[in-house]
Amino acid sequence: MKKIAGVLLSIALLLSPAAVFATEQGKGKAAQPETGQNTDIAPNAMSAVLIDRDTGTILYEKNGHKPLPPASITKVMTMLLAMEAMDRGELKLTDKVRTSEYAASMGGSQIFLEPGEEMSVDEMLKGIALASGNDASVAIAEHLAGTEQAFVKKMNQRAKELGMDDTTFLNPNGLPIAGHVSSAHDIALMSRELLKHEQITKYTGLYQDYLRKDSKKPFWLVNTNRLVRFYAGADGLKTGYTSEAKYCLTATAKRGNMRVIAVVMGEPDSKTRNQEVSSMLDYAFNQYDSHPLYKDHQVVRTVKVEKGMKEQVNILVPYRFSMLVKKGEKPEQYERVVNMPETLPAPIKKGVKLGELLIKKDGKILSKVDLVAAETIEQASWWELMKRTTRKMFGGA
């Protein structure tokens with residue numbers, strides 16, 4: 001009788017809401033609001049995230065904030081800092097990067113740089129993106145910041161700015177070290193940021209190429225991300241593997257107007273990793289459409305400036321922005337709202353957030369993009385304001 005009671009009690013516990021909730025924890029869910037169904041499209045991954053690049057909308061998530069070793073996906077941040085340095089004019093593709101003894105000593109994946117060897121930034125990026133060169137990553141880091149340690153500080157500072165709260169970087173290449181962690185969510189964030197520099201896919205989208213092609217020691221590069229060859233529209237972004245991290249990948253693909261980013265961590269082998277990332281990408285392209293709204297740095301509106309050297313400022317989106325809609329829905333079902341003041345006080349600094357553009361449906365905010373000033377406008381002097389008032393009083397321009 002006691003055995004029967006015990007069995008009945010176990011069944012009751014299994015059917016309780018608390019037990020059902022517990023069994024759902026850690027499962028990935030790709031929501032389909034129309035049907036109410038949920039699908040786990042990356043069942044073997046320890047962690048996974050799928051996002052739309054333009055809007056940042058999360059289309060699928062599984063343990064997205066779980067800190068895990070990212071292995072060579074770390075190099076996404078290394079490449080991002082290099083691209084941003086070029087934007088600021090601090091680095092050029094033709095600059096020569098000299099390899100230190102320390103950089104040349106890196107193990108694991110490498111392009112076999114020798115101490116004192118020089119390569120252009122263009123070649124180094126190719127070595128990082130295709131061959132996952134640990135030596136090239138350290139060489140670029142030292143070139144940009146002086147030392148690896150100084151570069152790592154820049155990596156963590158940039159991660160903080162991007163809201164990568166699950167991340168701590170301890171080196172620029174992802175070689176195993178205790179405490180060097182990130183999450184699928186954070187990797188998606190920095191991958192999205194890197195893809196704002198669309199020229200990066202010139203490197204990450206290559207399947208094969210050469211370094212030292214005209215030398216006595218040509219080095220053949222084959223992309224560690226096989227999806228760039230076998231998945232339609234794939235052109236990046238970075239693989240990762242160590243025995244601790246297992247098989248990781250942040251992948252991106254573009255079809256038509258839509259670009260998506262799929263991140264998996266802790267996959268058991270490369271075949272499963274590629275299959276599950278392909279399933280994630282398929283899900284995005286099958287379920288959603290992207291409708292372009294604004295181009296890079298397109299002006300959204302012009303706003304009056306109070307007491308400024310100029311009386312108006314153009315307000316723009318800092319990068320391309322689109323509207324993501326479910327297949328079968330029309331853009332007219334979504335509301336576009338500009339949220340910012342009608343006038344702005346001077347001074348105004350170029351690139352500073354002044355408002356937001358919101359995409360809403362049924363009163364809910366689905367995505368948003370910052371609105372920034374197109375230029376810096378200094379505060380007008382008292383004398384300038386007096387002259388302006390006088391001109392207006394007497395009908396002047």
# chains A, B, ... in the order shown; residues from 1 in each chain; ligands from 1
>>> select_by_dssp(residues="range 15-180 of chain A", states="alpha helix (DSSP H)", output="NGL selection string")
:A and (15 or 17-24 or 75-87 or 101-104 or 121-129 or 134-145 or 148-161)
>>> residues_around(residues="Phe169 in chain A", least_positions_apart="4", cutoff="7 Å", atoms="only C-alpha atoms", output="list in words")
Val152, Met155, Asn156, His180 and Val181 of chain A
>>> residues_around(residues="Arg98 in chain A", least_positions_apart="4", cutoff="8 Å", atoms="only C-alpha atoms", output="PDB file with all heavy atoms, in the first residue's frame")
ATOM      1  N   GLY A 116      59.232  39.350 -35.764  1.00  0.00           N
ATOM      2  CA  GLY A 116      59.743  40.376 -36.661  1.00  0.00           C
ATOM      3  C   GLY A 116      59.050  40.427 -38.014  1.00  0.00           C
ATOM      4  O   GLY A 116      59.234  41.386 -38.772  1.00  0.00           O
ATOM      5  N   GLU A 117      58.236  39.434 -38.340  1.00  0.00           N
ATOM      6  CA  GLU A 117      57.551  39.430 -39.630  1.00  0.00           C
ATOM      7  C   GLU A 117      56.486  40.525 -39.668  1.00  0.00           C
ATOM      8  O   GLU A 117      55.795  40.778 -38.681  1.00  0.00           O
ATOM      9  CB  GLU A 117      56.892  38.072 -39.872  1.00  0.00           C
ATOM     10  CG  GLU A 117      56.201  37.953 -41.225  1.00  0.00           C
ATOM     11  CD  GLU A 117      55.628  36.577 -41.506  1.00  0.00           C
ATOM     12  OE1 GLU A 117      55.725  35.695 -40.615  1.00  0.00           O
ATOM     13  OE2 GLU A 117      55.081  36.387 -42.610  1.00  0.00           O
ATOM     14  N   GLU A 118      56.378  41.167 -40.823  1.00  0.00           N
ATOM     15  CA  GLU A 118      55.388  42.221 -40.992  1.00  0.00           C
ATOM     16  C   GLU A 118      54.336  41.809 -42.004  1.00  0.00           C
ATOM     17  O   GLU A 118      54.640  41.233 -43.045  1.00  0.00           O
ATOM     18  CB  GLU A 118      56.051  43.523 -41.453  1.00  0.00           C
ATOM     19  CG  GLU A 118      56.901  44.181 -40.390  1.00  0.00           C
ATOM     20  CD  GLU A 118      57.395  45.549 -40.822  1.00  0.00           C
ATOM     21  OE1 GLU A 118      57.345  45.834 -42.048  1.00  0.00           O
ATOM     22  OE2 GLU A 118      57.813  46.336 -39.957  1.00  0.00           O
ATOM     23  N   MET A 119      53.099  42.104 -41.670  1.00  0.00           N
ATOM     24  CA  MET A 119      51.979  41.921 -42.586  1.00  0.00           C
ATOM     25  C   MET A 119      51.095  43.154 -42.516  1.00  0.00           C
ATOM     26  O   MET A 119      51.048  43.833 -41.479  1.00  0.00           O
ATOM     27  CB  MET A 119      51.145  40.690 -42.208  1.00  0.00           C
ATOM     28  CG  MET A 119      51.682  39.379 -42.712  1.00  0.00           C
ATOM     29  SD  MET A 119      50.439  38.075 -42.501  1.00  0.00           S
ATOM     30  CE  MET A 119      51.358  36.671 -43.161  1.00  0.00           C
ATOM     31  N   ALA A 139      49.037  40.077 -32.520  1.00  0.00           N
ATOM     32  CA  ALA A 139      49.819  41.070 -33.258  1.00  0.00           C
ATOM     33  C   ALA A 139      48.997  42.335 -33.496  1.00  0.00           C
ATOM     34  O   ALA A 139      49.489  43.454 -33.293  1.00  0.00           O
ATOM     35  CB  ALA A 139      50.300  40.485 -34.584  1.00  0.00           C
ATOM     36  N   HIS A 143      49.575  46.067 -31.821  1.00  0.00           N
ATOM     37  CA  HIS A 143      49.712  47.207 -32.725  1.00  0.00           C
ATOM     38  C   HIS A 143      48.748  48.326 -32.342  1.00  0.00           C
ATOM     39  O   HIS A 143      49.103  49.512 -32.408  1.00  0.00           O
ATOM     40  CB  HIS A 143      49.450  46.746 -34.167  1.00  0.00           C
ATOM     41  CG  HIS A 143      49.640  47.822 -35.188  1.00  0.00           C
ATOM     42  ND1 HIS A 143      50.881  48.186 -35.669  1.00  0.00           N
ATOM     43  CD2 HIS A 143      48.738  48.627 -35.833  1.00  0.00           C
ATOM     44  CE1 HIS A 143      50.745  49.156 -36.564  1.00  0.00           C
ATOM     45  NE2 HIS A 143      49.451  49.445 -36.677  1.00  0.00           N
TER      46      HIS A 143
END
>>> residues_around(residues="Lys126 in chain A", least_positions_apart="5", cutoff="12 Å", atoms="only C-alpha atoms", output="PyMOL selection string")
chain A and resi 79+93+110-111+119-121+131-133+136-137+140+200-212+219-223
>>> write_last_selection(atoms="C-alpha atoms", output="short mmCIF file (atom, residue, chain, number, x, y, z; two decimals), in the first residue's frame")
data_model
loop_
_atom_site.label_atom_id
_atom_site.label_comp_id
_atom_site.auth_asym_id
_atom_site.auth_seq_id
_atom_site.Cartn_x
_atom_site.Cartn_y
_atom_site.Cartn_z
CA MET A 79 38.00 42.57 -35.32
CA LEU A 93 44.36 48.49 -44.22
CA GLN A 110 47.64 30.27 -36.27
CA ILE A 111 49.05 31.63 -39.50
CA MET A 119 51.98 41.92 -42.59
CA SER A 120 49.44 44.55 -43.57
CA VAL A 121 46.30 45.07 -41.53
CA ALA A 131 42.21 30.87 -40.24
CA SER A 132 41.30 32.10 -36.74
CA GLY A 133 44.94 33.04 -36.22
CA ALA A 136 47.53 37.46 -35.82
CA SER A 137 45.00 38.47 -33.11
CA ILE A 140 46.85 43.33 -34.11
CA ILE A 200 34.05 42.89 -42.68
CA THR A 201 32.19 40.28 -44.74
CA LYS A 202 34.86 40.79 -47.40
CA TYR A 203 36.97 38.69 -45.04
CA THR A 204 34.50 36.52 -43.15
CA GLY A 205 32.63 35.57 -46.32
CA LEU A 206 35.68 34.21 -48.13
CA TYR A 207 35.94 30.43 -48.28
CA GLN A 208 39.63 30.29 -49.18
CA ASP A 209 42.55 32.56 -49.97
CA TYR A 210 46.32 32.86 -49.58
CA LEU A 211 48.77 34.74 -47.39
CA ARG A 212 52.39 35.30 -48.54
CA PHE A 219 50.04 29.91 -46.76
CA TRP A 220 46.68 28.57 -47.90
CA LEU A 221 43.71 29.78 -45.86
CA VAL A 222 40.46 27.82 -45.65
CA ASN A 223 37.59 29.35 -43.70
#
>>> closest_atom_pairs(of="range 63-168 of chain A", to="range 237-253 of chain A", cutoff="10 Å", atoms="only C-alpha atoms", output="JSON lines")
{"residue": "A:Leu68", "atom": "CA", "partner": "A:Ala245", "partner_atom": "CA", "distance": 7.0}
{"residue": "A:Pro69", "atom": "CA", "partner": "A:Ala245", "partner_atom": "CA", "distance": 5.1}
{"residue": "A:Pro70", "atom": "CA", "partner": "A:Ala245", "partner_atom": "CA", "distance": 6.3}
{"residue": "A:Ala71", "atom": "CA", "partner": "A:Gly240", "partner_atom": "CA", "distance": 4.9}
{"residue": "A:Ser72", "atom": "CA", "partner": "A:Gly240", "partner_atom": "CA", "distance": 4.3}
{"residue": "A:Ile73", "atom": "CA", "partner": "A:Gly240", "partner_atom": "CA", "distance": 5.2}
{"residue": "A:Thr74", "atom": "CA", "partner": "A:Gly240", "partner_atom": "CA", "distance": 8.2}
{"residue": "A:Lys75", "atom": "CA", "partner": "A:Lys238", "partner_atom": "CA", "distance": 7.7}
{"residue": "A:Val76", "atom": "CA", "partner": "A:Lys238", "partner_atom": "CA", "distance": 6.9}
{"residue": "A:Gly108", "atom": "CA", "partner": "A:Thr242", "partner_atom": "CA", "distance": 9.2}
{"residue": "A:Ser109", "atom": "CA", "partner": "A:Tyr241", "partner_atom": "CA", "distance": 9.9}
{"residue": "A:Ile128", "atom": "CA", "partner": "A:Lys238", "partner_atom": "CA", "distance": 9.2}
{"residue": "A:Ala129", "atom": "CA", "partner": "A:Lys238", "partner_atom": "CA", "distance": 6.9}
{"residue": "A:Leu130", "atom": "CA", "partner": "A:Lys238", "partner_atom": "CA", "distance": 8.3}
{"residue": "A:Ala131", "atom": "CA", "partner": "A:Thr239", "partner_atom": "CA", "distance": 9.8}
{"residue": "A:Ser132", "atom": "CA", "partner": "A:Thr239", "partner_atom": "CA", "distance": 8.0}
>>> select_by_dssp(residues="range 124-372 of chain A", states="strand (DSSP E or B)", output="PyMOL selection string")
chain A and resi 168+181-182+208-211+219-222+234-242+246-255+258-267+288-294+299-306+308+312-316+321-326+335-339+343-345+348+353-361+364-372
>>> closest_residue(among="A:Leu125, A:Leu316, A:Ala45, A:Leu189", to="Pro268 in chain A", atoms="only C-alpha atoms")
A:Ala45
>>> residues_around(residues="range 297-301 of chain A", least_positions_apart="3", cutoff="6 Å", atoms="only C-alpha atoms", output="mmCIF file with N, CA, C and O atoms, in the first residue's frame")
data_model
loop_
_atom_site.group_PDB
_atom_site.id
_atom_site.type_symbol
_atom_site.label_atom_id
_atom_site.label_comp_id
_atom_site.auth_asym_id
_atom_site.auth_seq_id
_atom_site.Cartn_x
_atom_site.Cartn_y
_atom_site.Cartn_z
ATOM 1 N N TYR A 294 15.067 52.866 -43.380
ATOM 2 C CA TYR A 294 16.051 53.934 -43.508
ATOM 3 C C TYR A 294 17.413 53.364 -43.888
ATOM 4 O O TYR A 294 17.795 52.291 -43.433
ATOM 5 N N ILE A 315 18.229 65.266 -37.817
ATOM 6 C CA ILE A 315 18.219 64.108 -36.934
ATOM 7 C C ILE A 315 18.203 62.856 -37.816
ATOM 8 O O ILE A 315 17.370 62.744 -38.728
ATOM 9 N N LEU A 316 19.099 61.936 -37.556
ATOM 10 C CA LEU A 316 19.225 60.781 -38.438
ATOM 11 C C LEU A 316 19.356 59.477 -37.667
ATOM 12 O O LEU A 316 19.595 59.474 -36.453
ATOM 13 N N VAL A 317 19.205 58.372 -38.392
ATOM 14 C CA VAL A 317 19.467 57.051 -37.819
ATOM 15 C C VAL A 317 20.944 56.752 -38.036
ATOM 16 O O VAL A 317 21.482 57.022 -39.117
ATOM 17 N N PRO A 318 21.659 56.205 -37.043
ATOM 18 C CA PRO A 318 23.102 55.991 -37.173
ATOM 19 C C PRO A 318 23.480 54.817 -38.071
ATOM 20 O O PRO A 318 24.617 54.697 -38.494
ATOM 21 N N TYR A 319 22.532 53.928 -38.353
ATOM 22 C CA TYR A 319 22.801 52.794 -39.222
ATOM 23 C C TYR A 319 21.488 52.360 -39.877
ATOM 24 O O TYR A 319 20.414 52.826 -39.512
#
>>> closest_residue(among="A:Arg259, A:Pro67, A:Arg53, A:Gln312", to="Thr168 in chain A", atoms="only C-alpha atoms")
A:Pro67
>>> residues_around(residues="Asp165 in chain A", least_positions_apart="4", cutoff="12 Å", atoms="only C-alpha atoms", output="list in words")
Gly64, His65, Lys66, Pro67, Asn156, Gln157, Arg158, Ala159, Lys160, Glu161, Phe169, Val181, Ser182, Ser183, Ala184, His185, Asp186, Ile187, Leu189 and Met190 of chain A
>>> write_last_selection(atoms="N, CA and C atoms", output="PDB file, in the first residue's frame")
ATOM      1  N   GLY A  64      20.287  32.096 -23.070  1.00  0.00           N
ATOM      2  CA  GLY A  64      21.017  33.155 -23.754  1.00  0.00           C
ATOM      3  C   GLY A  64      22.010  33.913 -22.913  1.00  0.00           C
ATOM      4  N   HIS A  65      21.789  33.978 -21.604  1.00  0.00           N
ATOM      5  CA  HIS A  65      22.678  34.755 -20.735  1.00  0.00           C
ATOM      6  C   HIS A  65      23.614  33.873 -19.905  1.00  0.00           C
ATOM      7  N   LYS A  66      23.748  32.621 -20.262  1.00  0.00           N
ATOM      8  CA  LYS A  66      24.618  31.721 -19.517  1.00  0.00           C
ATOM      9  C   LYS A  66      26.085  31.978 -19.877  1.00  0.00           C
ATOM     10  N   PRO A  67      26.926  32.390 -18.902  1.00  0.00           N
ATOM     11  CA  PRO A  67      28.338  32.634 -19.211  1.00  0.00           C
ATOM     12  C   PRO A  67      29.067  31.322 -19.513  1.00  0.00           C
ATOM     13  N   ASN A 156      37.133  44.976 -22.908  1.00  0.00           N
ATOM     14  CA  ASN A 156      36.143  44.951 -21.825  1.00  0.00           C
ATOM     15  C   ASN A 156      35.383  46.274 -21.709  1.00  0.00           C
ATOM     16  N   GLN A 157      36.061  47.372 -22.002  1.00  0.00           N
ATOM     17  CA  GLN A 157      35.387  48.670 -21.995  1.00  0.00           C
ATOM     18  C   GLN A 157      34.326  48.724 -23.088  1.00  0.00           C
ATOM     19  N   ARG A 158      34.675  48.240 -24.272  1.00  0.00           N
ATOM     20  CA  ARG A 158      33.713  48.244 -25.383  1.00  0.00           C
ATOM     21  C   ARG A 158      32.553  47.293 -25.087  1.00  0.00           C
ATOM     22  N   ALA A 159      32.870  46.147 -24.479  1.00  0.00           N
ATOM     23  CA  ALA A 159      31.814  45.193 -24.106  1.00  0.00           C
ATOM     24  C   ALA A 159      30.823  45.840 -23.141  1.00  0.00           C
ATOM     25  N   LYS A 160      31.330  46.602 -22.193  1.00  0.00           N
ATOM     26  CA  LYS A 160      30.463  47.289 -21.231  1.00  0.00           C
ATOM     27  C   LYS A 160      29.576  48.301 -21.940  1.00  0.00           C
ATOM     28  N   GLU A 161      30.145  49.040 -22.904  1.00  0.00           N
ATOM     29  CA  GLU A 161      29.373  50.038 -23.655  1.00  0.00           C
ATOM     30  C   GLU A 161      28.248  49.389 -24.451  1.00  0.00           C
ATOM     31  N   PHE A 169      36.583  39.487 -20.875  1.00  0.00           N
ATOM     32  CA  PHE A 169      37.668  39.083 -21.764  1.00  0.00           C
ATOM     33  C   PHE A 169      38.995  39.127 -21.018  1.00  0.00           C
ATOM     34  N   VAL A 181      34.958  34.519 -20.273  1.00  0.00           N
ATOM     35  CA  VAL A 181      33.613  34.013 -20.574  1.00  0.00           C
ATOM     36  C   VAL A 181      32.789  35.038 -21.345  1.00  0.00           C
ATOM     37  N   SER A 182      31.777  34.536 -22.033  1.00  0.00           N
ATOM     38  CA  SER A 182      30.768  35.372 -22.666  1.00  0.00           C
ATOM     39  C   SER A 182      29.482  34.552 -22.737  1.00  0.00           C
ATOM     40  N   SER A 183      28.473  35.103 -23.366  1.00  0.00           N
ATOM     41  CA  SER A 183      27.196  34.387 -23.511  1.00  0.00           C
ATOM     42  C   SER A 183      26.724  34.520 -24.954  1.00  0.00           C
ATOM     43  N   ALA A 184      25.784  33.666 -25.334  1.00  0.00           N
ATOM     44  CA  ALA A 184      25.234  33.739 -26.686  1.00  0.00           C
ATOM     45  C   ALA A 184      24.594  35.110 -26.934  1.00  0.00           C
ATOM     46  N   HIS A 185      23.924  35.638 -25.921  1.00  0.00           N
ATOM     47  CA  HIS A 185      23.306  36.962 -26.025  1.00  0.00           C
ATOM     48  C   HIS A 185      24.352  38.031 -26.300  1.00  0.00           C
ATOM     49  N   ASP A 186      25.444  38.016 -25.533  1.00  0.00           N
ATOM     50  CA  ASP A 186      26.490  39.024 -25.693  1.00  0.00           C
ATOM     51  C   ASP A 186      27.212  38.871 -27.023  1.00  0.00           C
ATOM     52  N   ILE A 187      27.427  37.647 -27.440  1.00  0.00           N
ATOM     53  CA  ILE A 187      28.082  37.406 -28.728  1.00  0.00           C
ATOM     54  C   ILE A 187      27.215  37.934 -29.863  1.00  0.00           C
ATOM     55  N   LEU A 189      25.215  40.476 -29.612  1.00  0.00           N
ATOM     56  CA  LEU A 189      25.349  41.931 -29.555  1.00  0.00           C
ATOM     57  C   LEU A 189      26.596  42.404 -30.274  1.00  0.00           C
ATOM     58  N   MET A 190      27.742  41.791 -29.968  1.00  0.00           N
ATOM     59  CA  MET A 190      28.979  42.274 -30.598  1.00  0.00           C
ATOM     60  C   MET A 190      29.056  41.865 -32.069  1.00  0.00           C
TER      61      MET A 190
END
>>> closest_residue(among="A:Gly89, A:Met340, A:Leu113, A:Val372", to="Lys217 in chain A", atoms="only C-alpha atoms")
A:Leu113
>>> closest_residue(among="A:Glu90, A:Ile348, A:Asp269, A:Ile359", to="Gln333 in chain A", atoms="only C-alpha atoms")
A:Ile359
